[in-house]
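Novice: Sharing coords14.cif (mmCIF, C-alpha atoms; chains and numbers go by the auth columns) below.
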data_entry
#
loop_
_atom_site.group_PDB
_atom_site.id
_atom_site.type_symbol
_atom_site.label_atom_id
_atom_site.label_comp_id
_atom_site.label_asym_id
_atom_site.label_seq_id
_atom_site.Cartn_x
_atom_site.Cartn_y
_atom_site.Cartn_z
_atom_site.B_iso_or_equiv
_atom_site.auth_seq_id
_atom_site.auth_asym_id
ATOM 1 C CA MET A 1 128.230 122.103 64.557 0.00 21 A
ATOM 2 C CA TYR A 2 128.601 120.886 68.111 0.00 22 A
ATOM 3 C CA THR A 3 130.223 122.728 70.982 0.00 23 A
ATOM 4 C CA PHE A 4 131.454 121.325 74.281 0.00 24 A
ATOM 5 C CA GLU A 5 131.455 123.249 77.543 0.00 25 A
ATOM 6 C CA PHE A 6 131.224 122.652 81.248 0.00 26 A
ATOM 7 C CA LEU A 7 127.646 123.114 82.366 0.00 27 A
ATOM 8 C CA LYS A 8 126.438 125.443 85.098 0.00 28 A
ATOM 9 C CA GLU A 9 124.215 124.832 88.118 0.00 29 A
ATOM 10 C CA HIS A 10 121.153 126.349 86.419 0.00 30 A
ATOM 11 C CA GLU A 11 121.380 123.592 83.774 0.00 31 A
ATOM 12 C CA LEU A 12 120.708 120.796 86.293 0.00 32 A
ATOM 13 C CA SER A 13 117.211 120.097 84.944 0.00 33 A
ATOM 14 C CA ASN A 14 118.691 119.535 81.474 0.00 34 A
ATOM 15 C CA VAL A 15 121.145 116.992 82.898 0.00 35 A
ATOM 16 C CA ILE A 16 118.376 115.064 84.664 0.00 36 A
ATOM 17 C CA ASN A 17 116.116 115.258 81.604 0.00 37 A
ATOM 18 C CA ILE A 18 118.749 113.796 79.269 0.00 38 A
ATOM 19 C CA ILE A 19 119.502 110.940 81.661 0.00 39 A
ATOM 20 C CA SER A 20 115.773 110.254 82.134 0.00 40 A
ATOM 21 C CA GLN A 21 115.234 110.124 78.372 0.00 41 A
ATOM 22 C CA ARG A 22 118.202 107.786 77.953 0.00 42 A
ATOM 23 C CA ILE A 23 116.885 105.457 80.683 0.00 43 A
ATOM 24 C CA GLN A 24 113.515 105.329 78.917 0.00 44 A
ATOM 25 C CA TRP A 25 115.318 104.579 75.634 0.00 45 A
ATOM 26 C CA MET A 26 117.216 101.725 77.338 0.00 46 A
ATOM 27 C CA ASP A 27 113.892 100.272 78.489 0.00 47 A
ATOM 28 C CA GLU A 28 112.488 100.499 74.971 0.00 48 A
ATOM 29 C CA LYS A 29 115.586 98.860 73.425 0.00 49 A
ATOM 30 C CA GLY A 30 115.868 96.152 76.079 0.00 50 A
ATOM 31 C CA MET A 31 119.375 97.365 76.963 0.00 51 A
ATOM 32 C CA LYS A 32 120.428 96.616 80.528 0.00 52 A
ATOM 33 C CA GLN A 33 122.409 99.435 82.091 0.00 53 A
ATOM 34 C CA TRP A 34 120.971 102.371 84.033 0.00 54 A
ATOM 35 C CA ASN A 35 117.451 100.959 83.926 0.00 55 A
ATOM 36 C CA GLN A 36 118.442 97.978 86.091 0.00 56 A
ATOM 37 C CA GLY A 37 117.962 99.921 89.305 0.00 57 A
ATOM 38 C CA ASP A 38 116.792 103.296 90.496 0.00 58 A
ATOM 39 C CA TYR A 39 119.612 105.205 88.821 0.00 59 A
ATOM 40 C CA LEU A 40 118.310 108.697 89.559 0.00 60 A
ATOM 41 C CA SER A 41 117.865 107.878 93.232 0.00 61 A
ATOM 42 C CA PHE A 42 121.415 106.608 93.532 0.00 62 A
ATOM 43 C CA TYR A 43 122.737 109.464 91.371 0.00 63 A
ATOM 44 C CA SER A 44 120.376 112.126 92.645 0.00 64 A
ATOM 45 C CA SER A 45 119.907 115.741 91.656 0.00 65 A
ATOM 46 C CA ASP A 46 122.122 116.662 94.628 0.00 66 A
ATOM 47 C CA TYR A 47 124.875 114.420 93.257 0.00 67 A
ATOM 48 C CA PHE A 48 124.737 116.096 89.835 0.00 68 A
ATOM 49 C CA LEU A 49 124.473 119.565 91.391 0.00 69 A
ATOM 50 C CA LYS A 50 127.672 118.914 93.355 0.00 70 A
ATOM 51 C CA HIS A 51 129.476 117.961 90.143 0.00 71 A
ATOM 52 C CA LEU A 52 128.062 120.952 88.277 0.00 72 A
ATOM 53 C CA GLN A 53 129.398 123.203 91.038 0.00 73 A
ATOM 54 C CA LYS A 54 132.827 121.590 90.619 0.00 74 A
ATOM 55 C CA GLN A 55 132.610 122.058 86.807 0.00 75 A
ATOM 56 C CA GLU A 56 132.733 118.321 86.224 0.00 76 A
ATOM 57 C CA ILE A 57 129.728 117.898 83.926 0.00 77 A
ATOM 58 C CA LEU A 58 130.615 118.489 80.309 0.00 78 A
ATOM 59 C CA GLY A 59 127.812 119.355 77.939 0.00 79 A
ATOM 60 C CA MET A 60 127.496 118.758 74.225 0.00 80 A
ATOM 61 C CA LYS A 61 125.464 121.520 72.605 0.00 81 A
ATOM 62 C CA GLU A 62 123.942 122.223 69.237 0.00 82 A
ATOM 63 C CA ASP A 63 122.857 125.817 68.622 0.00 83 A
ATOM 64 C CA GLY A 64 123.029 126.438 72.380 0.00 84 A
ATOM 65 C CA GLN A 65 120.743 123.477 73.243 0.00 85 A
ATOM 66 C CA ILE A 66 122.214 120.775 75.489 0.00 86 A
ATOM 67 C CA ILE A 67 121.990 117.476 73.627 0.00 87 A
ATOM 68 C CA GLY A 68 124.406 115.419 75.723 0.00 88 A
ATOM 69 C CA ILE A 69 126.137 115.266 79.080 0.00 89 A
ATOM 70 C CA VAL A 70 129.056 113.401 80.609 0.00 90 A
ATOM 71 C CA GLY A 71 130.687 113.385 84.011 0.00 91 A
ATOM 72 C CA PHE A 72 134.310 114.410 83.432 0.00 92 A
ATOM 73 C CA PHE A 73 135.988 113.646 86.749 0.00 93 A
ATOM 74 C CA HIS A 74 139.531 113.978 88.074 0.00 94 A
ATOM 75 C CA ASP A 75 139.218 110.814 90.162 0.00 95 A
ATOM 76 C CA ASP A 76 137.068 107.732 90.516 0.00 96 A
ATOM 77 C CA GLU A 77 136.712 105.423 93.502 0.00 97 A
ATOM 78 C CA ARG A 78 136.455 102.434 91.128 0.00 98 A
ATOM 79 C CA TRP A 79 140.066 102.962 90.064 0.00 99 A
ATOM 80 C CA ASP A 80 143.320 103.548 91.914 0.00 100 A
ATOM 81 C CA HIS A 81 143.690 107.313 92.042 0.00 101 A
ATOM 82 C CA ASP A 82 145.977 108.550 89.281 0.00 102 A
ATOM 83 C CA ASP A 83 146.081 112.251 88.378 0.00 103 A
ATOM 84 C CA ALA A 84 147.281 111.348 84.884 0.00 104 A
ATOM 85 C CA TYR A 85 143.761 110.242 83.859 0.00 105 A
ATOM 86 C CA MET A 86 140.305 111.713 83.465 0.00 106 A
ATOM 87 C CA TYR A 87 137.338 109.510 84.356 0.00 107 A
ATOM 88 C CA LEU A 88 134.099 109.457 82.351 0.00 108 A
ATOM 89 C CA HIS A 89 130.690 108.675 83.823 0.00 109 A
ATOM 90 C CA HIS A 90 127.040 109.117 82.860 0.00 110 A
ATOM 91 C CA LEU A 91 127.619 109.593 79.117 0.00 111 A
ATOM 92 C CA ALA A 92 124.181 110.307 77.666 0.00 112 A
ATOM 93 C CA THR A 93 122.810 112.079 74.641 0.00 113 A
ATOM 94 C CA LEU A 94 119.245 112.800 73.688 0.00 114 A
ATOM 95 C CA PRO A 95 117.970 109.649 71.938 0.00 115 A
ATOM 96 C CA SER A 96 116.995 111.698 68.875 0.00 116 A
ATOM 97 C CA TYR A 97 120.717 112.441 68.353 0.00 117 A
ATOM 98 C CA HIS A 98 121.654 108.902 67.383 0.00 118 A
ATOM 99 C CA GLY A 99 125.331 108.365 66.653 0.00 119 A
ATOM 100 C CA VAL A 100 126.866 111.433 68.317 0.00 120 A
ATOM 101 C CA GLY A 101 128.219 109.582 71.354 0.00 121 A
ATOM 102 C CA ALA A 102 131.515 108.788 69.620 0.00 122 A
ATOM 103 C CA LEU A 103 131.974 112.480 68.764 0.00 123 A
ATOM 104 C CA PHE A 104 131.346 113.327 72.396 0.00 124 A
ATOM 105 C CA VAL A 105 133.886 110.788 73.662 0.00 125 A
ATOM 106 C CA LYS A 106 136.428 112.081 71.123 0.00 126 A
ATOM 107 C CA ALA A 107 135.861 115.633 72.425 0.00 127 A
ATOM 108 C CA CYS A 108 136.521 114.368 75.976 0.00 128 A
ATOM 109 C CA GLU A 109 139.745 112.773 74.772 0.00 129 A
ATOM 110 C CA ASP A 110 140.815 116.039 73.104 0.00 130 A
ATOM 111 C CA ILE A 111 140.071 118.051 76.258 0.00 131 A
ATOM 112 C CA ALA A 112 141.968 115.536 78.396 0.00 132 A
ATOM 113 C CA LYS A 113 144.960 115.817 76.031 0.00 133 A
ATOM 114 C CA GLN A 114 144.847 119.618 76.311 0.00 134 A
ATOM 115 C CA MET A 115 144.912 119.182 80.085 0.00 135 A
ATOM 116 C CA GLY A 116 148.051 117.065 79.745 0.00 136 A
ATOM 117 C CA LYS A 117 146.365 113.830 80.801 0.00 137 A
ATOM 118 C CA ARG A 118 147.780 110.435 79.831 0.00 138 A
ATOM 119 C CA GLY A 119 144.419 108.798 79.240 0.00 139 A
ATOM 120 C CA ILE A 120 140.722 108.289 79.874 0.00 140 A
ATOM 121 C CA ARG A 121 139.202 105.675 82.175 0.00 141 A
ATOM 122 C CA LEU A 122 135.594 104.566 82.552 0.00 142 A
ATOM 123 C CA ASP A 123 133.504 101.523 83.342 0.00 143 A
ATOM 124 C CA CYS A 124 130.611 99.668 81.729 0.00 144 A
ATOM 125 C CA GLN A 125 128.140 97.155 83.074 0.00 145 A
ATOM 126 C CA LYS A 126 129.191 93.568 82.497 0.00 146 A
ATOM 127 C CA GLY A 127 126.856 91.918 80.009 0.00 147 A
ATOM 128 C CA ASN A 128 126.007 95.100 78.101 0.00 148 A
ATOM 129 C CA ASP A 129 127.622 93.954 74.871 0.00 149 A
ATOM 130 C CA ALA A 130 126.551 97.007 72.851 0.00 150 A
ATOM 131 C CA ILE A 131 128.305 99.487 75.136 0.00 151 A
ATOM 132 C CA HIS A 132 131.406 97.312 75.305 0.00 152 A
ATOM 133 C CA ARG A 133 131.572 97.182 71.486 0.00 153 A
ATOM 134 C CA PHE A 134 131.124 100.972 71.371 0.00 154 A
ATOM 135 C CA TYR A 135 134.147 101.591 73.594 0.00 155 A
ATOM 136 C CA ASP A 136 136.202 98.726 72.125 0.00 156 A
ATOM 137 C CA ASP A 137 135.703 100.228 68.648 0.00 157 A
ATOM 138 C CA MET A 138 137.009 103.544 69.990 0.00 158 A
ATOM 139 C CA GLY A 139 140.220 101.919 71.237 0.00 159 A
ATOM 140 C CA TYR A 140 139.362 101.364 74.893 0.00 160 A
ATOM 141 C CA ILE A 141 140.965 98.300 76.475 0.00 161 A
ATOM 142 C CA SER A 142 139.311 96.230 79.216 0.00 162 A
ATOM 143 C CA LYS A 143 141.243 96.413 82.482 0.00 163 A
ATOM 144 C CA GLY A 144 139.377 93.977 84.693 0.00 164 A
ATOM 145 C CA GLU A 145 136.089 93.663 86.452 0.00 165 A
ATOM 146 C CA PHE A 146 134.826 94.868 89.812 0.00 166 A
ATOM 147 C CA THR A 147 131.691 94.629 91.909 0.00 167 A
ATOM 148 C CA SER A 148 129.943 97.499 93.653 0.00 168 A
ATOM 149 C CA GLY A 149 126.789 96.312 95.413 0.00 169 A
ATOM 150 C CA GLU A 150 124.783 94.516 92.727 0.00 170 A
ATOM 151 C CA TYR A 151 126.662 96.250 89.921 0.00 171 A
ATOM 152 C CA ILE A 152 129.326 94.252 88.105 0.00 172 A
ATOM 153 C CA GLY A 153 131.447 96.544 85.994 0.00 173 A
ATOM 154 C CA ILE A 154 134.272 96.272 83.518 0.00 174 A
ATOM 155 C CA ARG A 155 136.967 98.944 83.727 0.00 175 A
ATOM 156 C CA LYS A 156 138.113 100.362 80.380 0.00 176 A
ATOM 157 C CA GLU A 157 141.041 102.597 79.599 0.00 177 A
ATOM 158 C CA LYS A 158 142.464 104.421 76.601 0.00 178 A
ATOM 159 C CA LEU A 159 145.896 105.990 76.455 0.00 179 A
ATOM 160 C CA LEU A 160 145.975 109.284 74.586 0.00 180 A
ATOM 161 C CA ARG A 161 148.722 110.177 72.123 0.00 181 A
#
Rewrite the structure from the file as structure tokens, please.

Specialist:
Amino acid sequence: MYTFEFLKEHELSNVINIISQRIQWMDEKGMKQWNQGDYLSFYSSDYFLKHLQKQEILGMKEDGQIIGIVGFFHDDERWDHDDAYMYLHHLATLPSYHGVGALFVKACEDIAKQMGKRGIRLDCQKGNDAIHRFYDDMGYISKGEFTSGEYIGIRKEKLLR
């Protein structure tokens, strides 16, 4: 049984550990996403600490152990600001928990609905076909591409009912 809760500052090392393990997994699988640059320098411990302090990092737990994390933000500079949406970033689970990402995204959708939000927005790296299929299969619709430095992203959105 999985539980979902906003993580606390003292859980920062767990957040960094899960992302580090996922980056290593991407290297091993030849998947191009976070391993295409120095992800944990750009999104540093200070960055994640700030979001933990704002209660914007949602954790997925099994028996009290954090097995996944996601940034669950009220706004996102890559989108026009709209309070009716929640914005997901940094979705990562421990690689040994294969297949739980969809459950995690569904939990985010349920929480956003409880908050009265209209939908969820996120972005994925252009060319990462596996991640695009993942979100497409969950009902996310592509809403255009953008460039941020060397990153070319595809915006995705899902309206909640």

Novice: Residues near A:Leu72, anyone? I mean within 6 Å using all atoms listed in the file, not counting same-chain ones fewer than 4 positions away, as a PyMOL selection string.

Specialist: chain A and resi 28-29+76-77

Novice: Using all atoms listed in the file, can you tell me which of A:Tyr160, A:Tyr105, A:Tyr117, A:Tyr22 comes closest to A:Cys144?

Specialist: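 Of A:Tyr160, A:Tyr105, A:Tyr117, A:Tyr22, the one nearest A:Cys144 is A:Tyr160, counting all atoms listed in the file.
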
Novice: Mind pulling up the distance from atom CA of A:Arg138 to atom CA of A:Asp95?

Specialist: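 These two atoms are separated by 13.4 Å.
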
Novice: Looking at A:Ser40, A:Ser61, A:Thr23, A:Asn148, which one is nearest to A:Asp83, with distances taken over all atoms listed in the file?

Specialist: A:Thr23

Novice: Can you list, as a ChimeraX atom specification, every protein, DNA or RNA residue that comes within 10 Å of A:Ala104 when you count only C-alpha atoms, leaving out same-chain residues fewer than 5 positions away?

Specialist: /A:94-95,132,135-140

Novice: Pick out the residues sitting within 7 Å of A:Leu142, and hand them over as a list in words; count only C-alpha atoms, and ignore anything fewer than 3 positions along from it in its own chain.

Specialist: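 Contacts, with the query itself left out: Tyr107, Leu108, His109, Arg175, Lys176 and Glu177 of chain A.
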
Novice: Skip A:Gln56 itself and residues of its chain fewer than 6 positions away, then list as a list in words all residues within 10 Å of it, counting only C-alpha atoms.

Specialist: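 Neighbouring residues, sequence-local ones excluded: Ile43, Met46, Asp47, Glu170 and Tyr171 of chain A.
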
Novice: Rank A:Leu78, A:Asp100, A:Glu25, A:Leu114 by their smallest atom-to-atom distance to A:Ile38, using all atoms listed in the file, and report the top residue only.

Specialist: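 Using all atoms listed in the file, A:Ile38 sits closest to A:Leu114.
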
Novice: In Å to one decimal, how far is atom CA of A:Lys52 from atom CA of A:Asn37?

Specialist: 19.2 Å

Novice: Scan for residues within 12 Å of the point (120.5, 108.5, 90.0) in the coordinates of the file, using all atoms listed in the file, and reply as a list of chain:residue names.

Specialist: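 Within the cut-off we find A:Val35, A:Ile36, A:Asn37, A:Ile39, A:Ser40, A:Ile43, A:Trp54, A:Asn55, A:Gln56, A:Gly57, A:Asp58, A:Tyr59, A:Leu60, A:Ser61, A:Phe62, A:Tyr63, A:Ser64, A:Ser65, A:Asp66, A:Tyr67, A:Phe68, A:Leu69, A:His109, A:His110.
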
Novice: Report the residues retrieved by the PyMOL selection byres ((chain A and resi 120-122) around 9) from the displayed file, expressed as a PyMOL selection string.

Specialist: chain A and resi 88+111-113+117-119+123-127+154-155+158

Novice: Just to confirm, what's the straight-line distance from atom CA of A:Arg181 to atom CA of A:Lys133 in Å (one decimal)?

Specialist: 7.8 Å

Novice: Using only C-alpha atoms, can you tell me which of A:Ile131, A:Arg141, A:Ser168, A:Gly173 comes closest to A:Asp103?

Specialist: A:Arg141

Novice: Scan for residues within 9 Å of the point (135.3, 94.9, 85.5) in the coordinates of the file, using all atoms listed in the file, and reply as a list in words.

Specialist: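 Using all atoms listed in the file, the matching residues come out as Asp143, Cys144, Gln145, Lys146, Ser162, Lys163, Gly164, Glu165, Phe166, Thr167, Ile172, Gly173, Ile174, Arg175 and Lys176 of chain A.
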